[in-house]
Amino acid sequence: MIYFPGKVIYNIMKLILHGIFFLFLLNTRSIAQVNQQDSAALVDLYNATGGSSWTNHSNWLVIGQPVTEWEGIVISGNRVISISLSNNNLNGTIPSTIGDLNAVTVLDLSGNALTGQLPAGLNNLTAIESLNLSSNNFTNTLPSFGNLTNLSFCELQNNNLLGGVPDFSGNSFLFYLDLSFNSLSGALPALTVSNTPELFYINLSGNNLTGNIPASFGEITNLETIKLNENELTGTIPSNLGSLINLALLDLSNNLLAGSIPATFNNLGNLGSLALHHNQLTGDIPAGLGNIPGLSDLALNHNQLSGSIPSNFCSHSFESLLINNNQFTFDGMECLDGNSEIGSLNYANQKILSIVNDNLTLSVTAGGTQSKNKYTWYKSDVLFNEKTGDPTLTVTEQGTYRVEVANSDATQLMLNSSPIIVSILPLTWLNFTASSCSENVCLQWETENEQNTSHFEIERSIDGSIFEQISTLSAQNNPGKHTYSTTDYSAAYGTNYYRIKQVDIDGRYAYSNIIGVKVMNAGNLTIRPNPANNFIMLSGIDKAERVTLYSITGQVLRQWQHVNGSQQLNISDLQKGMYIVKVLQHNAEAVHKIIKQ
């Protein structure tokens with residue numbers, strides 16, 4: 001190691017200090033080419049976001065390099081008018097002095113690793129026309145953009161922004177709005193044509209937005225793209241969205257929308273892509289959709305749609321047609337496989353058929369051309385009978401029957417029935433009813449001419465296949481009519497299936513028909529997403545004491561303690577299928593069903 005005398009060290013330090021001062025003067029002259037306030041704000045931005053570690057920081061704070069030569073900076077006169085530093089490894093937070101750059105028309109800091117809050121000073125950028133802060137890690141509530149009256153493009157997607165969607169009613173030049181994939185909540189803003197007449201593109205997907213879709217959206221005639229998918233929107237689809245004659249893409253998928261697809265959608269002559277999948281829509285597919293010449297992608301899967309497939313789908317040119325997992329039969333399906341103009345087609349997993357028992361003659365209605373339908377009957381899951389073109393089966397033996405129906409043209413679809421119990425015992429079933437009553441299920445049945453009857457066992461299932469006994473009632477076992485009733489106080493939210501097992505004194509038994517009852521959750525707790533892939537979360541409560549995951553056969557598969565509403569519960573390794581989730585909160589237990597995709 002070399003040591004220097006004190007005087008030498010003093011002189012060296014003096015030279016260094018003089019050098020630093022000289023560099024400062026040079027740098028000040030470089031910065032002085034633009035407005036002093038702008039210069040200081042740029043230096044703050046550089047220092048606050050790790051400028052020396054940027055992927056490209058060419059000429060920033062370099063001696064002899066004017067601000068006009070700094071990477072990503074555009075100057076007009078003596079003011080900064082554009083800052084473009086996207087995908088440049090910016091880290092840290094945006095300084096509050098960003099608001100001093102009030103001549104900026106373009107600010108693009110997208111694709112970096114910025115964190116913290118969006119500074120309130122952004123609202124001082126009154127000249128800004130294009131704001132892009134997407135794909136960062138901002139976490140605060142979105143500020144108001146009321147002063148940004150020149151704003152045309154606003155891109156804040158792929159962050160962790162909270163709160164509601166800001167009021168853009170003062171942004172009359174707003175053309176493009178993307179706030180997708182944040183953590184925004186609350187209701188959608190009622191954007192109107194009088195406040196946002198230029199709006200062309202709106203993307204609010206991938207948030208936690210709730211409530212209805214405002215009908216005012218249907219008044220903004222310039223709209224060409226609406227993406228509200230992957231939220232928790234409820235209510236019906238506004239019919240006046242069919243007035244958006246310029247609309248090319250509408251995505252409302254993965255919400256909780258109910259009701260029918262508006263017939264006014266037949267008027268969307270420029271529509272190219274319509275995604276309504278994973279909702280709770282019912283009713284028919286509007287026939288006019290097949291007459292929209294440019295409609296190439298139609299996704300209506302995972303709803304409760306029914307009726308016949310429109311005949312014009314048989315000749316329409318679709319790049320993708322997804323109508324699987326609905327309540328269709330073979331009606332209108334038979335021509336789809338023969339349409340060579342369809343690129344990707346899926347119509348599997350449709351209605352569960354109900355078997356009608358008319359004096360021991362069983363029958364089902366499967367739609368389509370009868371002569372093309374093949375009916376395969378099973379008794380206790382053993383092949384019993386096969387018929388083509390005949391949907392009936394006369395039985396002489398008691399047991400559990402079900403049927404599978406295939407169609408020689410609609411080859412992607414196999415229709416299955418729910419099982420039916422055929423009883424041939426000295427007892428007459430008069431009726432069996434089940435109804436939802438205050439989040440419980442009330443069951444009632446009537447019999448006649450009971451002989452040798454011991455008792456009734458009440459059984460419940462969540463999938464209509466695997467049943468468990470939940471209670472027992474003794475039979476009166478004498479002639480005449482008898483009425484029985486009981487209440488299931490532990491029904492799961494969603495559809496529950498019930499049957500009554502009538503047991504004779506000699507041990508023989510028979511079953512009633514199976515009845516499904518839907519129990520609605522009157523509380524705030526929901527499990528989302530549902531269907532789920534890798535994880536589930538509690539929604540509507542702050543914390544649960546315990547969450548237990550069961551198989552449909554009652555086996556405990558997972559258990560979590562002290563779960564909060566933002567905690568992700570990992571289910572990635574589970575097989576696809578239906579599961580039961582029991583949530584214990586304040587000594588009360590709620591039961592839910594989930595689907596693992």
# chains A, B, ... in the order shown; residues from 1 in each chain; ligands from 1

$ residues_around --residues "region 408-413 of chain A" --least-positions-apart "4" --cutoff "7 Å" --atoms "only C-alpha atoms" --output "count of residues only"
8

$ residues_around --residues "Glu446 (chain A)" --least-positions-apart "6" --cutoff "8 Å" --atoms "only C-alpha atoms" --output "list in words"
Trp429, Leu430, Asn431, Phe432, Lys481, His482, Thr483 and Tyr484 of chain A

$ residues_around --residues "Asp251 (chain A)" --least-positions-apart "2" --cutoff "8 Å" --atoms "only C-alpha atoms" --output "VMD selection string"
chain A and resid 226 to 229 249 253 273 to 276

$ closest_residue --among "A:Gly480, A:Tyr489, A:Ile355, A:Gln451" --to "Ile505 (chain A)" --atoms "only C-alpha atoms"
A:Gln451

$ atom_distance --atom1 "CA of Asp297 (chain A)" --atom2 "CA of Gly577 (chain A)"
27.6 Å

$ residues_around --residues "His302 (chain A)" --least-positions-apart "3" --cutoff "12 Å" --atoms "only C-alpha atoms" --output "ChimeraX atom specification"
/A:253-257,275-282,299,305-306,322-328,346-351,530-531,595,597

$ atom_distance --atom1 "CA of His592 (chain A)" --atom2 "CA of Met578 (chain A)"
10.5 Å

$ residues_around --residues "Asp100 (chain A)" --least-positions-apart "5" --cutoff "12 Å" --atoms "only C-alpha atoms" --output "list in words"
Asn35, Gln36, Gln37, Asp38, Ser39, Ala40, Ala41, Leu42, Asp44, Leu45, Arg79, Val80, Ile81, Pro95, Pro119, Ala120, Gly121, Leu122, Asn123, Asn124, Leu125, Thr126 and Ala127 of chain A

$ select_by_dssp --residues "region 374-450 of chain A" --states "strand (DSSP E or B)" --output "ChimeraX atom specification"
/A:374-379,382-388,392-394,399-407,414-417,420-422,428-437,440-448

$ residues_around --residues "Gln585 (chain A)" --least-positions-apart "4" --cutoff "7 Å" --atoms "only C-alpha atoms" --output "JSON, numbers by chain"
{"A": [544, 545, 589]}

$ closest_residue --among "A:Thr192, A:Asn182, A:Thr329, A:Asn112" --to "Asn231 (chain A)" --atoms "only C-alpha atoms"
A:Asn182

$ closest_residue --among "A:Asn47, A:Val193, A:Leu109, A:Leu525" --to "Ile73 (chain A)" --atoms "only C-alpha atoms"
A:Leu109

$ residues_around --residues "Pro262 (chain A)" --least-positions-apart "6" --cutoff "10 Å" --atoms "only C-alpha atoms" --output "list in words"
Thr236, Ile237, Pro238, Ser239, Asn240, Leu241, Gly242, Gly283, Asp284, Ile285 and Pro286 of chain A

$ write_last_selection --atoms "N, CA, C and O atoms" --output "tab-separated table (two decimals), in the first residue's frame"
chain	number	residue	atom	x	y	z
A	236	THR	N	-77.59	-7.43	-16.71
A	236	THR	CA	-77.76	-7.84	-18.10
A	236	THR	C	-76.92	-6.98	-19.03
A	236	THR	O	-76.44	-5.92	-18.64
A	237	ILE	N	-76.75	-7.45	-20.26
A	237	ILE	CA	-76.01	-6.69	-21.26
A	237	ILE	C	-76.93	-5.62	-21.84
A	237	ILE	O	-78.02	-5.94	-22.32
A	238	PRO	N	-76.55	-4.33	-21.79
A	238	PRO	CA	-77.42	-3.28	-22.32
A	238	PRO	C	-77.73	-3.52	-23.80
A	238	PRO	O	-76.82	-3.75	-24.60
A	239	SER	N	-79.00	-3.46	-24.14
A	239	SER	CA	-79.39	-3.72	-25.52
A	239	SER	C	-78.89	-2.65	-26.48
A	239	SER	O	-78.68	-2.91	-27.67
A	240	ASN	N	-78.67	-1.42	-25.95
A	240	ASN	CA	-78.26	-0.36	-26.87
A	240	ASN	C	-76.80	-0.45	-27.28
A	240	ASN	O	-76.33	0.36	-28.09
A	241	LEU	N	-76.05	-1.43	-26.76
A	241	LEU	CA	-74.73	-1.68	-27.33
A	241	LEU	C	-74.85	-2.09	-28.80
A	241	LEU	O	-73.90	-1.96	-29.57
A	242	GLY	N	-76.03	-2.56	-29.17
A	242	GLY	CA	-76.29	-2.90	-30.57
A	242	GLY	C	-76.36	-1.69	-31.47
A	242	GLY	O	-76.45	-1.84	-32.70
A	283	GLY	N	-81.10	-18.26	-22.72
A	283	GLY	CA	-81.87	-17.97	-23.93
A	283	GLY	C	-81.16	-18.43	-25.19
A	283	GLY	O	-80.18	-19.18	-25.15
A	284	ASP	N	-81.67	-17.97	-26.33
A	284	ASP	CA	-81.18	-18.39	-27.64
A	284	ASP	C	-79.99	-17.55	-28.09
A	284	ASP	O	-79.75	-16.45	-27.59
A	285	ILE	N	-79.27	-18.07	-29.08
A	285	ILE	CA	-78.28	-17.27	-29.81
A	285	ILE	C	-79.05	-16.47	-30.86
A	285	ILE	O	-79.78	-17.04	-31.67
A	286	PRO	N	-78.90	-15.13	-30.89
A	286	PRO	CA	-79.60	-14.35	-31.91
A	286	PRO	C	-79.23	-14.84	-33.32
A	286	PRO	O	-78.05	-14.94	-33.66

$ atom_distance --atom1 "CA of Gly99 (chain A)" --atom2 "CA of His57 (chain A)"
21.6 Å

$ select_by_dssp --residues "region 130-374 of chain A" --states "helix (DSSP H, G or I)" --output "JSON, numbers by chain"
{"A": [215, 216, 217, 218, 219, 239, 240, 241, 242, 243, 263, 264, 265, 266, 267, 287, 288, 289, 290, 291, 311, 312, 313, 314, 370, 371, 372]}
